[in-house]
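Peer 1: Just so it is clear, I am handing over upload-v9.txt, which has compact mmCIF, C-alpha atoms.
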# COMPACT_ATOMS: atom_id res chain seq x y z
CA MET M 1 -16.07 -8.74 7.16
CA ALA M 2 -15.49 -5.57 5.13
CA LYS M 3 -16.95 -5.53 1.61
CA HIS M 4 -14.46 -6.61 -1.05
CA ASP M 5 -13.06 -3.66 -2.99
CA PRO M 6 -11.49 -5.04 -6.22
CA SER M 7 -9.83 -1.67 -6.92
CA LEU M 8 -7.65 -2.22 -3.83
CA ASP M 9 -6.49 -5.56 -5.29
CA HIS M 10 -5.29 -3.87 -8.50
CA LEU M 11 -3.84 -0.93 -6.62
CA PHE M 12 -1.72 -2.90 -4.13
CA ALA M 13 -0.72 -5.43 -6.83
CA ALA M 14 0.41 -2.52 -9.05
CA LEU M 15 2.57 -1.17 -6.19
CA GLY M 16 4.18 -4.56 -5.51
CA ASP M 17 6.83 -4.20 -8.21
CA PRO M 18 10.07 -2.13 -8.11
CA THR M 19 9.87 -0.98 -11.75
CA ARG M 20 6.30 0.24 -11.32
CA ARG M 21 7.15 2.05 -8.07
CA ALA M 22 10.14 3.73 -9.76
CA ILE M 23 7.89 4.85 -12.65
CA LEU M 24 5.40 6.36 -10.17
CA SER M 25 8.19 8.18 -8.27
CA ARG M 26 9.49 9.61 -11.55
CA LEU M 27 5.98 10.73 -12.61
CA ALA M 28 5.40 12.33 -9.20
CA THR M 29 7.83 15.04 -10.34
CA GLY M 30 5.92 15.65 -13.61
CA PRO M 31 4.59 13.97 -16.80
CA ALA M 32 7.05 12.20 -19.12
CA SER M 33 7.12 10.48 -22.50
CA VAL M 34 7.24 6.67 -22.60
CA SER M 35 10.76 6.73 -24.09
CA ASP M 36 12.08 9.07 -21.36
CA LEU M 37 10.44 6.90 -18.72
CA ALA M 38 11.88 3.70 -20.18
CA ALA M 39 15.45 5.05 -20.60
CA PRO M 40 16.77 4.27 -17.05
CA PHE M 41 15.54 0.66 -17.21
CA ASP M 42 17.49 -2.20 -18.75
CA MET M 43 14.29 -3.83 -20.04
CA ALA M 44 12.73 -4.72 -23.40
CA LEU M 45 10.10 -2.18 -24.43
CA PRO M 46 7.19 -4.71 -24.48
CA SER M 47 7.95 -5.64 -20.84
CA PHE M 48 8.13 -1.96 -19.93
CA MET M 49 4.81 -1.29 -21.70
CA GLY M 50 3.31 -4.17 -19.68
CA HIS M 51 4.21 -2.31 -16.48
CA LEU M 52 2.64 0.90 -17.81
CA LYS M 53 -0.53 -1.05 -18.70
CA LYS M 54 -0.82 -2.36 -15.14
CA LEU M 55 -0.38 1.14 -13.72
CA GLU M 56 -3.00 2.45 -16.14
CA ALA M 57 -5.43 -0.38 -15.28
CA ALA M 58 -5.05 0.51 -11.58
CA GLY M 59 -5.87 4.15 -12.46
CA LEU M 60 -2.47 5.34 -11.17
CA ILE M 61 -1.37 6.86 -14.51
CA GLU M 62 -3.05 8.23 -17.61
CA THR M 63 -1.47 8.10 -21.05
CA SER M 64 -2.13 10.35 -24.05
CA LYS M 65 -0.71 10.56 -27.55
CA THR M 66 0.42 13.72 -29.38
CA GLY M 67 1.69 12.88 -32.86
CA ARG M 68 4.08 9.96 -32.39
CA VAL M 69 4.83 10.66 -28.73
CA ARG M 70 2.91 8.86 -25.97
CA SER M 71 3.05 10.69 -22.63
CA CYS M 72 2.25 9.46 -19.13
CA ALA M 73 0.92 11.48 -16.21
CA LEU M 74 0.44 10.47 -12.59
CA GLN M 75 -3.11 10.40 -11.17
CA PRO M 76 -2.36 11.09 -7.50
CA ALA M 77 -6.02 10.71 -6.46
CA ALA M 78 -5.82 7.01 -7.38
CA PHE M 79 -3.56 6.37 -4.36
CA ALA M 80 -6.37 7.42 -2.00
CA PRO M 81 -8.02 3.99 -1.49
CA ALA M 82 -4.65 2.47 -0.47
CA ILE M 83 -3.86 5.35 1.89
CA ASP M 84 -7.41 5.21 3.33
CA TRP M 85 -7.20 1.45 3.89
CA LEU M 86 -3.86 1.76 5.71
CA GLU M 87 -5.24 4.63 7.84
CA GLU M 88 -8.26 2.47 8.75
CA GLN M 89 -5.94 -0.32 9.89
CA ARG M 90 -3.91 2.12 11.97
CA ALA M 91 -7.14 3.40 13.58
CA LEU M 92 -8.22 -0.18 14.39
CA TRP M 93 -4.98 -1.23 16.05
CA SER M 94 -4.27 2.08 17.80
CA GLY M 95 -7.83 2.00 19.18
CA ARG M 96 -7.05 -1.43 20.58
CA LEU M 97 -3.74 -0.25 22.08
CA ASP M 98 -5.53 2.74 23.66
CA ARG M 99 -8.01 0.35 25.28
CA LEU M 100 -5.14 -1.81 26.55
CA ASP M 101 -3.43 1.32 27.97
CA ALA M 102 -6.67 2.30 29.73
CA LEU M 103 -6.95 -1.22 31.18
CA VAL M 104 -3.35 -1.15 32.46
CA MET M 105 -3.94 2.30 34.02
CA ALA M 106 -7.17 1.10 35.65
CA MET M 107 -5.39 -1.99 37.05
CA ALA M 108 -2.49 0.13 38.33
CA ALA M 109 -4.96 2.52 40.01
CA LYS M 110 -6.66 -0.47 41.66
CA THR M 111 -3.28 -1.74 42.96
CA ASP M 112 -2.61 1.71 44.46
CA ASP M 113 -5.87 1.59 46.47
CA MET X 1 16.28 5.77 -9.27
CA ALA X 2 15.47 4.79 -5.66
CA LYS X 3 17.18 1.66 -4.36
CA HIS X 4 15.06 -1.45 -4.76
CA ASP X 5 13.50 -2.51 -1.46
CA PRO X 6 12.36 -6.15 -1.86
CA SER X 7 10.40 -5.96 1.41
CA LEU X 8 8.06 -3.45 -0.27
CA ASP X 9 7.40 -6.01 -3.05
CA HIS X 10 6.27 -8.64 -0.53
CA LEU X 11 4.36 -6.11 1.53
CA PHE X 12 2.28 -4.60 -1.28
CA ALA X 13 1.78 -8.04 -2.89
CA ALA X 14 0.52 -9.36 0.47
CA LEU X 15 -1.99 -6.47 0.66
CA GLY X 16 -3.27 -7.07 -2.89
CA ASP X 17 -5.72 -9.80 -1.89
CA PRO X 18 -9.15 -9.41 -0.23
CA THR X 19 -8.79 -12.48 2.02
CA ARG X 20 -5.43 -11.30 3.33
CA ARG X 21 -6.74 -7.76 3.93
CA ALA X 22 -9.74 -9.18 5.82
CA ILE X 23 -7.40 -11.31 7.99
CA LEU X 24 -5.31 -8.22 8.82
CA SER X 25 -8.41 -6.17 9.70
CA ARG X 26 -9.58 -8.97 12.00
CA LEU X 27 -6.16 -9.24 13.68
CA ALA X 28 -6.03 -5.46 14.14
CA THR X 29 -8.63 -5.96 16.87
CA GLY X 30 -6.54 -8.64 18.65
CA PRO X 31 -4.81 -12.04 18.19
CA ALA X 32 -6.86 -15.04 17.06
CA SER X 33 -6.46 -18.77 16.51
CA VAL X 34 -6.15 -20.06 12.94
CA SER X 35 -9.52 -21.85 13.19
CA ASP X 36 -11.31 -18.70 14.44
CA LEU X 37 -9.66 -16.68 11.66
CA ALA X 38 -10.62 -19.23 8.98
CA ALA X 39 -14.27 -19.60 10.11
CA PRO X 40 -15.77 -16.64 8.14
CA PHE X 41 -14.14 -17.79 4.87
CA ASP X 42 -15.63 -20.33 2.50
CA MET X 43 -12.20 -21.71 1.64
CA ALA X 44 -10.28 -24.99 1.99
CA LEU X 45 -7.86 -24.88 4.93
CA PRO X 46 -4.71 -25.38 2.77
CA SER X 47 -5.64 -22.30 0.69
CA PHE X 48 -6.31 -20.33 3.85
CA MET X 49 -2.95 -21.42 5.31
CA GLY X 50 -1.30 -20.25 2.07
CA HIS X 51 -2.66 -16.74 2.73
CA LEU X 52 -1.36 -16.83 6.32
CA LYS X 53 2.08 -17.93 5.02
CA LYS X 54 2.22 -14.93 2.65
CA LEU X 55 1.27 -12.56 5.47
CA GLU X 56 3.93 -14.14 7.70
CA ALA X 57 6.58 -13.93 4.94
CA ALA X 58 5.80 -10.21 4.56
CA GLY X 59 6.28 -9.83 8.33
CA LEU X 60 2.69 -8.61 8.80
CA ILE X 61 1.70 -11.40 11.21
CA GLU X 62 3.46 -13.73 13.61
CA THR X 63 2.18 -17.18 14.47
CA SER X 64 2.84 -19.24 17.60
CA LYS X 65 1.69 -22.66 18.80
CA THR X 66 0.39 -23.51 22.27
CA GLY X 67 -0.48 -27.20 22.51
CA ARG X 68 -2.59 -27.93 19.43
CA VAL X 69 -3.70 -24.35 18.85
CA ARG X 70 -1.85 -22.08 16.42
CA SER X 71 -2.45 -18.38 17.07
CA CYS X 72 -1.80 -15.37 14.85
CA ALA X 73 -0.94 -11.84 15.93
CA LEU X 74 -0.63 -8.67 13.86
CA GLN X 75 2.77 -6.96 13.63
CA PRO X 76 1.66 -3.36 13.04
CA ALA X 77 5.25 -2.10 12.64
CA ALA X 78 5.52 -4.13 9.42
CA PHE X 79 3.09 -1.74 7.69
CA ALA X 80 5.58 1.13 8.14
CA PRO X 81 7.55 0.74 4.87
CA ALA X 82 4.30 0.84 2.84
CA ILE X 83 3.00 3.88 4.73
CA ASP X 84 6.42 5.59 4.43
CA TRP X 85 6.59 4.93 0.68
CA LEU X 86 3.10 6.36 0.13
CA GLU X 87 3.99 9.42 2.26
CA GLU X 88 7.15 9.94 0.18
CA GLN X 89 5.08 9.90 -3.00
CA ARG X 90 2.63 12.39 -1.53
CA ALA X 91 5.57 14.66 -0.58
CA LEU X 92 6.96 14.44 -4.13
CA TRP X 93 3.75 15.33 -5.91
CA SER X 94 2.53 17.91 -3.40
CA GLY X 95 5.97 19.58 -3.61
CA ARG X 96 5.47 19.74 -7.36
CA LEU X 97 1.97 21.21 -6.97
CA ASP X 98 3.31 23.80 -4.49
CA ARG X 99 5.96 24.84 -7.02
CA LEU X 100 3.26 25.11 -9.72
CA ASP X 101 1.16 27.26 -7.34
CA ALA X 102 4.16 29.52 -6.69
CA LEU X 103 4.75 29.84 -10.43
CA VAL X 104 1.11 30.78 -11.08
CA MET X 105 1.25 33.37 -8.26
CA ALA X 106 4.52 34.82 -9.62
CA MET X 107 3.01 35.04 -13.12
CA ALA X 108 -0.14 36.69 -11.75
CA ALA X 109 1.99 39.22 -9.80
CA LYS X 110 3.94 40.00 -12.98
CA THR X 111 0.68 40.61 -14.87
CA ASP X 112 -0.42 43.04 -12.12
CA ASP X 113 2.78 45.13 -12.57
Give the structure from this file in structure tokens form.

Peer 2:
Amino acid sequence: MAKHDPSLDHLFAALGDPTRRAILSRLATGPASVSDLAAPFDMALPSFMGHLKKLEAAGLIETSKTGRVRSCALQPAAFAPAIDWLEEQRALWSGRLDRLDALVMAMAAKTDD
Amino acid sequence: MAKHDPSLDHLFAALGDPTRRAILSRLATGPASVSDLAAPFDMALPSFMGHLKKLEAAGLIETSKTGRVRSCALQPAAFAPAIDWLEEQRALWSGRLDRLDALVMAMAAKTDD
């Protein structure tokens, strides 16, 4: 069994919510203030801040304060463990399908004999 | 804002657990019976079945029964929405970085004039 990577738990859990995914998509186009980020959502500010906290805990965003304005910026590198894990899975199952293909080819060749 | 895709909620939530990720990695190498799948885990069977149910609800595995044996098989196509969403994010932020690069180059060229 692969070693347990707790950062993957936080990462995938953070991505499993439509508000948090929409925040990430918005931040992918550039940093934004909390109030600009919150504007499109029909949600109480404490709930919205809760989503930002989860994204920050997963390392997906960083926040900073200048005067009274808190800004958020995407940390694209934090997606890497999720992308890597999915790539690993793809490698595992495509390797298996390649072996199945080879087996079918070998059986077909045998039938041709 | 992008349209809400509830299947992404289930998918990412299903991936946010180490037991469920280990089950998927095991099934990536081929189908297995529930008892074979459960063997490496120090977990009561009802809890383990709960994990299988979440994977099945997310479409990531399919189960079938032959006699008394229930088998599980991976459904690799079900990973696609998660992979697609992550690729979209990468396209968004790398597009932004490309535009920043172009801006820096344009500014540098202007300085050379």

Peer 1: Output chain M as an mmCIF file with C-alpha atoms, in the coordinates of the input, after least-squares fitting it to chain X on all in-order C-alpha pairs.

Peer 2:
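Saved file result-v2.cif follows:
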data_model
loop_
_atom_site.group_PDB
_atom_site.id
_atom_site.type_symbol
_atom_site.label_atom_id
_atom_site.label_comp_id
_atom_site.auth_asym_id
_atom_site.auth_seq_id
_atom_site.Cartn_x
_atom_site.Cartn_y
_atom_site.Cartn_z
ATOM 1 C CA MET M 1 16.363 5.774 -9.237
ATOM 2 C CA ALA M 2 15.596 4.770 -5.644
ATOM 3 C CA LYS M 3 17.299 1.605 -4.377
ATOM 4 C CA HIS M 4 15.142 -1.502 -4.753
ATOM 5 C CA ASP M 5 13.580 -2.573 -1.461
ATOM 6 C CA PRO M 6 12.410 -6.216 -1.867
ATOM 7 C CA SER M 7 10.453 -6.012 1.409
ATOM 8 C CA LEU M 8 8.123 -3.485 -0.261
ATOM 9 C CA ASP M 9 7.440 -6.015 -3.048
ATOM 10 C CA HIS M 10 6.305 -8.655 -0.530
ATOM 11 C CA LEU M 11 4.412 -6.122 1.540
ATOM 12 C CA PHE M 12 2.339 -4.593 -1.278
ATOM 13 C CA ALA M 13 1.819 -8.030 -2.894
ATOM 14 C CA ALA M 14 0.549 -9.350 0.470
ATOM 15 C CA LEU M 15 -1.949 -6.454 0.670
ATOM 16 C CA GLY M 16 -3.230 -7.022 -2.877
ATOM 17 C CA ASP M 17 -5.697 -9.739 -1.892
ATOM 18 C CA PRO M 18 -9.140 -9.343 -0.223
ATOM 19 C CA THR M 19 -8.797 -12.411 2.032
ATOM 20 C CA ARG M 20 -5.420 -11.258 3.332
ATOM 21 C CA ARG M 21 -6.697 -7.715 3.947
ATOM 22 C CA ALA M 22 -9.718 -9.106 5.833
ATOM 23 C CA ILE M 23 -7.395 -11.261 7.985
ATOM 24 C CA LEU M 24 -5.271 -8.192 8.824
ATOM 25 C CA SER M 25 -8.373 -6.125 9.722
ATOM 26 C CA ARG M 26 -9.574 -8.921 12.010
ATOM 27 C CA LEU M 27 -6.137 -9.214 13.681
ATOM 28 C CA ALA M 28 -5.985 -5.437 14.160
ATOM 29 C CA THR M 29 -8.602 -5.932 16.891
ATOM 30 C CA GLY M 30 -6.533 -8.639 18.653
ATOM 31 C CA PRO M 31 -4.798 -12.035 18.180
ATOM 32 C CA ALA M 32 -6.876 -15.029 17.047
ATOM 33 C CA SER M 33 -6.511 -18.763 16.485
ATOM 34 C CA VAL M 34 -6.213 -20.043 12.906
ATOM 35 C CA SER M 35 -9.599 -21.799 13.156
ATOM 36 C CA ASP M 36 -11.361 -18.634 14.399
ATOM 37 C CA LEU M 37 -9.696 -16.635 11.642
ATOM 38 C CA ALA M 38 -10.672 -19.151 8.965
ATOM 39 C CA ALA M 39 -14.326 -19.502 10.092
ATOM 40 C CA PRO M 40 -15.812 -16.522 8.127
ATOM 41 C CA PHE M 41 -14.192 -17.658 4.862
ATOM 42 C CA ASP M 42 -15.705 -20.197 2.492
ATOM 43 C CA MET M 43 -12.261 -21.587 1.612
ATOM 44 C CA ALA M 44 -10.371 -24.877 1.958
ATOM 45 C CA LEU M 45 -7.961 -24.796 4.893
ATOM 46 C CA PRO M 46 -4.800 -25.321 2.747
ATOM 47 C CA SER M 47 -5.722 -22.244 0.656
ATOM 48 C CA PHE M 48 -6.363 -20.268 3.832
ATOM 49 C CA MET M 49 -3.013 -21.391 5.288
ATOM 50 C CA GLY M 50 -1.365 -20.212 2.045
ATOM 51 C CA HIS M 51 -2.693 -16.707 2.719
ATOM 52 C CA LEU M 52 -1.384 -16.813 6.299
ATOM 53 C CA LYS M 53 2.034 -17.926 4.988
ATOM 54 C CA LYS M 54 2.200 -14.933 2.646
ATOM 55 C CA LEU M 55 1.283 -12.558 5.470
ATOM 56 C CA GLU M 56 3.918 -14.171 7.682
ATOM 57 C CA ALA M 57 6.568 -13.977 4.926
ATOM 58 C CA ALA M 58 5.823 -10.243 4.567
ATOM 59 C CA GLY M 59 6.309 -9.870 8.351
ATOM 60 C CA LEU M 60 2.715 -8.636 8.799
ATOM 61 C CA ILE M 61 1.707 -11.441 11.205
ATOM 62 C CA GLU M 62 3.454 -13.776 13.615
ATOM 63 C CA THR M 63 2.155 -17.233 14.455
ATOM 64 C CA SER M 64 2.788 -19.309 17.584
ATOM 65 C CA LYS M 65 1.616 -22.702 18.778
ATOM 66 C CA THR M 66 0.290 -23.577 22.255
ATOM 67 C CA GLY M 67 -0.622 -27.258 22.462
ATOM 68 C CA ARG M 68 -2.712 -27.961 19.364
ATOM 69 C CA VAL M 69 -3.801 -24.362 18.808
ATOM 70 C CA ARG M 70 -1.907 -22.107 16.385
ATOM 71 C CA SER M 71 -2.489 -18.399 17.046
ATOM 72 C CA CYS M 72 -1.821 -15.385 14.839
ATOM 73 C CA ALA M 73 -0.935 -11.863 15.930
ATOM 74 C CA LEU M 74 -0.618 -8.701 13.867
ATOM 75 C CA GLN M 75 2.805 -7.011 13.632
ATOM 76 C CA PRO M 76 1.717 -3.406 13.064
ATOM 77 C CA ALA M 77 5.309 -2.159 12.665
ATOM 78 C CA ALA M 78 5.577 -4.190 9.442
ATOM 79 C CA PHE M 79 3.183 -1.765 7.703
ATOM 80 C CA ALA M 80 5.682 1.082 8.171
ATOM 81 C CA PRO M 81 7.649 0.679 4.897
ATOM 82 C CA ALA M 82 4.396 0.826 2.871
ATOM 83 C CA ILE M 83 3.129 3.863 4.784
ATOM 84 C CA ASP M 84 6.558 5.550 4.477
ATOM 85 C CA TRP M 85 6.713 4.899 0.729
ATOM 86 C CA LEU M 86 3.234 6.370 0.182
ATOM 87 C CA GLU M 87 4.136 9.411 2.330
ATOM 88 C CA GLU M 88 7.296 9.920 0.239
ATOM 89 C CA GLN M 89 5.212 9.898 -2.943
ATOM 90 C CA ARG M 90 2.783 12.406 -1.455
ATOM 91 C CA ALA M 91 5.729 14.658 -0.499
ATOM 92 C CA LEU M 92 7.126 14.433 -4.055
ATOM 93 C CA TRP M 93 3.904 15.344 -5.829
ATOM 94 C CA SER M 94 2.715 17.944 -3.310
ATOM 95 C CA GLY M 95 6.151 19.594 -3.541
ATOM 96 C CA ARG M 96 5.644 19.781 -7.288
ATOM 97 C CA LEU M 97 2.125 21.220 -6.909
ATOM 98 C CA ASP M 98 3.461 23.820 -4.441
ATOM 99 C CA ARG M 99 6.058 24.874 -7.017
ATOM 100 C CA LEU M 100 3.351 25.112 -9.688
ATOM 101 C CA ASP M 101 1.214 27.241 -7.313
ATOM 102 C CA ALA M 102 4.191 29.544 -6.688
ATOM 103 C CA LEU M 103 4.741 29.860 -10.452
ATOM 104 C CA VAL M 104 1.070 30.719 -11.076
ATOM 105 C CA MET M 105 1.168 33.318 -8.262
ATOM 106 C CA ALA M 106 4.380 34.825 -9.656
ATOM 107 C CA MET M 107 2.844 35.012 -13.161
ATOM 108 C CA ALA M 108 -0.354 36.575 -11.792
ATOM 109 C CA ALA M 109 1.714 39.156 -9.869
ATOM 110 C CA LYS M 110 3.600 39.972 -13.083
ATOM 111 C CA THR M 111 0.290 40.460 -14.962
ATOM 112 C CA ASP M 112 -0.856 42.871 -12.229
ATOM 113 C CA ASP M 113 2.240 45.073 -12.721
#

Peer 1: Select, from M:Ser33, M:Ser94, M:Ser47, M:Thr111, the residue with the minimum atom-to-atom distance to chain X, counting only C-alpha atoms.

Peer 2: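 Under the stated criterion, the closest residue is M:Ser94.
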
Peer 1: Quick one: residues within 8 Å of Arg96 of chain X, only C-alpha atoms counted, chain neighbours fewer than 5 positions away excluded, as a list in words?

Peer 2: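 Residues meeting the cut-off are Ala28, Thr29 and Gly30 of chain M.
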
Peer 1: Using all atoms listed in the file, find the one residue out of M:Arg90, M:His10, M:Arg21, M:Arg26 that sits nearest to Gly59 of chain M.

Peer 2: M:His10

Peer 1: Near chain M, meaning an atom within 9 Å, which residues of chain X appear when counting all atoms listed in the file? Write them as a short mmCIF file (atom, residue, chain, number, x, y, z; two decimals) with C-alpha atoms, in the frame of the given file.

Peer 2:
data_model
loop_
_atom_site.label_atom_id
_atom_site.label_comp_id
_atom_site.auth_asym_id
_atom_site.auth_seq_id
_atom_site.Cartn_x
_atom_site.Cartn_y
_atom_site.Cartn_z
CA MET X 1 16.28 5.77 -9.27
CA ALA X 2 15.47 4.79 -5.66
CA LYS X 3 17.18 1.66 -4.36
CA HIS X 4 15.06 -1.45 -4.76
CA ASP X 5 13.50 -2.51 -1.46
CA PRO X 6 12.36 -6.15 -1.86
CA LEU X 8 8.06 -3.45 -0.27
CA ASP X 9 7.40 -6.01 -3.05
CA HIS X 10 6.27 -8.64 -0.53
CA LEU X 11 4.36 -6.11 1.53
CA PHE X 12 2.28 -4.60 -1.28
CA ALA X 13 1.78 -8.04 -2.89
CA ALA X 14 0.52 -9.36 0.47
CA LEU X 15 -1.99 -6.47 0.66
CA GLY X 16 -3.27 -7.07 -2.89
CA ASP X 17 -5.72 -9.80 -1.89
CA PRO X 18 -9.15 -9.41 -0.23
CA THR X 19 -8.79 -12.48 2.02
CA ALA X 22 -9.74 -9.18 5.82
CA LEU X 24 -5.31 -8.22 8.82
CA SER X 25 -8.41 -6.17 9.70
CA ARG X 26 -9.58 -8.97 12.00
CA LEU X 27 -6.16 -9.24 13.68
CA ALA X 28 -6.03 -5.46 14.14
CA THR X 29 -8.63 -5.96 16.87
CA GLY X 30 -6.54 -8.64 18.65
CA PRO X 40 -15.77 -16.64 8.14
CA LEU X 74 -0.63 -8.67 13.86
CA PRO X 76 1.66 -3.36 13.04
CA PHE X 79 3.09 -1.74 7.69
CA ALA X 82 4.30 0.84 2.84
CA ILE X 83 3.00 3.88 4.73
CA LEU X 86 3.10 6.36 0.13
CA GLU X 87 3.99 9.42 2.26
CA GLU X 88 7.15 9.94 0.18
CA GLN X 89 5.08 9.90 -3.00
CA ARG X 90 2.63 12.39 -1.53
CA ALA X 91 5.57 14.66 -0.58
CA LEU X 92 6.96 14.44 -4.13
CA TRP X 93 3.75 15.33 -5.91
CA SER X 94 2.53 17.91 -3.40
CA GLY X 95 5.97 19.58 -3.61
CA ARG X 96 5.47 19.74 -7.36
#

Peer 1: For segment 70-73 of chain X, please output as a count of residues only all residues within 6 Å (counting all atoms listed in the file; exclusion window: fewer than 5 positions along the same chain).

Peer 2: 9

Peer 1: From the list X:Lys110, X:Arg68, X:Arg20, X:Arg99, which residue is nearest Lys54 of chain X when using all atoms listed in the file?

Peer 2: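 Smallest separation from Lys54 of chain X among the options: X:Arg20.
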
Peer 1: Measure the distance from atom CA of Gly67 of chain X to atom CA of Phe48 of chain X in Å and round it to one decimal.

Peer 2: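 The value is 20.7 Å.
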
Peer 1: Can you tell me how far atom CA of Ala78 of chain M sits from atom CA of Lys53 of chain M, in Å to one decimal?

Peer 2: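 According to the coordinates, atom CA of Ala78 of chain M and atom CA of Lys53 of chain M are separated by 14.9 Å.
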
Peer 1: Between atom CA of Pro81 of chain X and atom CA of Glu56 of chain M, what is the spacing in Å?

Peer 2: 23.6 Å

Peer 1: With all atoms of segment 23-29 of chain M from the file as input, state the centre and edge lengths in Å to one decimal of the axis-aligned box that has 5 Å extra on each side, as lines of an AutoDock Vina configuration file.

Peer 2:
center_x = 7.4
center_y = 9.9
center_z = -10.5
size_x = 14.1
size_y = 20.2
size_z = 14.4

Peer 1: What would the file be for segment 56-75 of chain M if you keep N, CA and C atoms and write it as a PDB file, in the first residue's frame?

Peer 2:
ATOM      1  N   GLU M  56      -6.616  27.945   2.063  1.00  0.00           N
ATOM      2  CA  GLU M  56      -5.314  28.356   2.593  1.00  0.00           C
ATOM      3  C   GLU M  56      -4.654  27.177   3.326  1.00  0.00           C
ATOM      4  N   ALA M  57      -5.460  26.423   4.100  1.00  0.00           N
ATOM      5  CA  ALA M  57      -4.924  25.278   4.840  1.00  0.00           C
ATOM      6  C   ALA M  57      -4.380  24.216   3.879  1.00  0.00           C
ATOM      7  N   ALA M  58      -5.010  24.097   2.704  1.00  0.00           N
ATOM      8  CA  ALA M  58      -4.549  23.124   1.706  1.00  0.00           C
ATOM      9  C   ALA M  58      -3.362  23.662   0.910  1.00  0.00           C
ATOM     10  N   GLY M  59      -2.970  24.926   1.174  1.00  0.00           N
ATOM     11  CA  GLY M  59      -1.817  25.527   0.492  1.00  0.00           C
ATOM     12  C   GLY M  59      -2.157  26.064  -0.890  1.00  0.00           C
ATOM     13  N   LEU M  60      -3.457  26.033  -1.269  1.00  0.00           N
ATOM     14  CA  LEU M  60      -3.838  26.416  -2.636  1.00  0.00           C
ATOM     15  C   LEU M  60      -3.870  27.924  -2.846  1.00  0.00           C
ATOM     16  N   ILE M  61      -4.072  28.684  -1.743  1.00  0.00           N
ATOM     17  CA  ILE M  61      -4.019  30.152  -1.856  1.00  0.00           C
ATOM     18  C   ILE M  61      -3.168  30.703  -0.716  1.00  0.00           C
ATOM     19  N   GLU M  62      -2.668  31.924  -0.938  1.00  0.00           N
ATOM     20  CA  GLU M  62      -2.010  32.666   0.137  1.00  0.00           C
ATOM     21  C   GLU M  62      -2.732  33.989   0.285  1.00  0.00           C
ATOM     22  N   THR M  63      -2.890  34.440   1.540  1.00  0.00           N
ATOM     23  CA  THR M  63      -3.536  35.733   1.739  1.00  0.00           C
ATOM     24  C   THR M  63      -2.539  36.691   2.373  1.00  0.00           C
ATOM     25  N   SER M  64      -2.719  37.989   2.086  1.00  0.00           N
ATOM     26  CA  SER M  64      -1.840  39.011   2.675  1.00  0.00           C
ATOM     27  C   SER M  64      -2.688  40.259   2.913  1.00  0.00           C
ATOM     28  N   LYS M  65      -2.257  41.098   3.849  1.00  0.00           N
ATOM     29  CA  LYS M  65      -3.050  42.272   4.193  1.00  0.00           C
ATOM     30  C   LYS M  65      -2.248  43.541   3.934  1.00  0.00           C
ATOM     31  N   THR M  66      -2.847  44.482   3.204  1.00  0.00           N
ATOM     32  CA  THR M  66      -2.236  45.795   2.989  1.00  0.00           C
ATOM     33  C   THR M  66      -3.261  46.804   3.478  1.00  0.00           C
ATOM     34  N   GLY M  67      -2.935  47.492   4.575  1.00  0.00           N
ATOM     35  CA  GLY M  67      -3.917  48.398   5.188  1.00  0.00           C
ATOM     36  C   GLY M  67      -5.122  47.597   5.635  1.00  0.00           C
ATOM     37  N   ARG M  68      -6.320  47.970   5.126  1.00  0.00           N
ATOM     38  CA  ARG M  68      -7.536  47.249   5.517  1.00  0.00           C
ATOM     39  C   ARG M  68      -7.923  46.179   4.512  1.00  0.00           C
ATOM     40  N   VAL M  69      -7.156  46.061   3.439  1.00  0.00           N
ATOM     41  CA  VAL M  69      -7.562  45.145   2.358  1.00  0.00           C
ATOM     42  C   VAL M  69      -6.793  43.829   2.434  1.00  0.00           C
ATOM     43  N   ARG M  70      -7.536  42.711   2.540  1.00  0.00           N
ATOM     44  CA  ARG M  70      -6.903  41.397   2.496  1.00  0.00           C
ATOM     45  C   ARG M  70      -6.996  40.867   1.068  1.00  0.00           C
ATOM     46  N   SER M  71      -5.837  40.476   0.516  1.00  0.00           N
ATOM     47  CA  SER M  71      -5.799  39.957  -0.848  1.00  0.00           C
ATOM     48  C   SER M  71      -5.474  38.471  -0.851  1.00  0.00           C
ATOM     49  N   CYS M  72      -5.941  37.789  -1.888  1.00  0.00           N
ATOM     50  CA  CYS M  72      -5.694  36.352  -2.039  1.00  0.00           C
ATOM     51  C   CYS M  72      -4.967  36.111  -3.359  1.00  0.00           C
ATOM     52  N   ALA M  73      -4.023  35.184  -3.331  1.00  0.00           N
ATOM     53  CA  ALA M  73      -3.303  34.820  -4.553  1.00  0.00           C
ATOM     54  C   ALA M  73      -3.231  33.302  -4.643  1.00  0.00           C
ATOM     55  N   LEU M  74      -3.402  32.793  -5.857  1.00  0.00           N
ATOM     56  CA  LEU M  74      -3.316  31.355  -6.109  1.00  0.00           C
ATOM     57  C   LEU M  74      -1.877  30.879  -5.941  1.00  0.00           C
ATOM     58  N   GLN M  75      -1.717  29.648  -5.442  1.00  0.00           N
ATOM     59  CA  GLN M  75      -0.398  29.010  -5.365  1.00  0.00           C
ATOM     60  C   GLN M  75      -0.441  27.786  -6.272  1.00  0.00           C
TER      61      GLN M  75
END
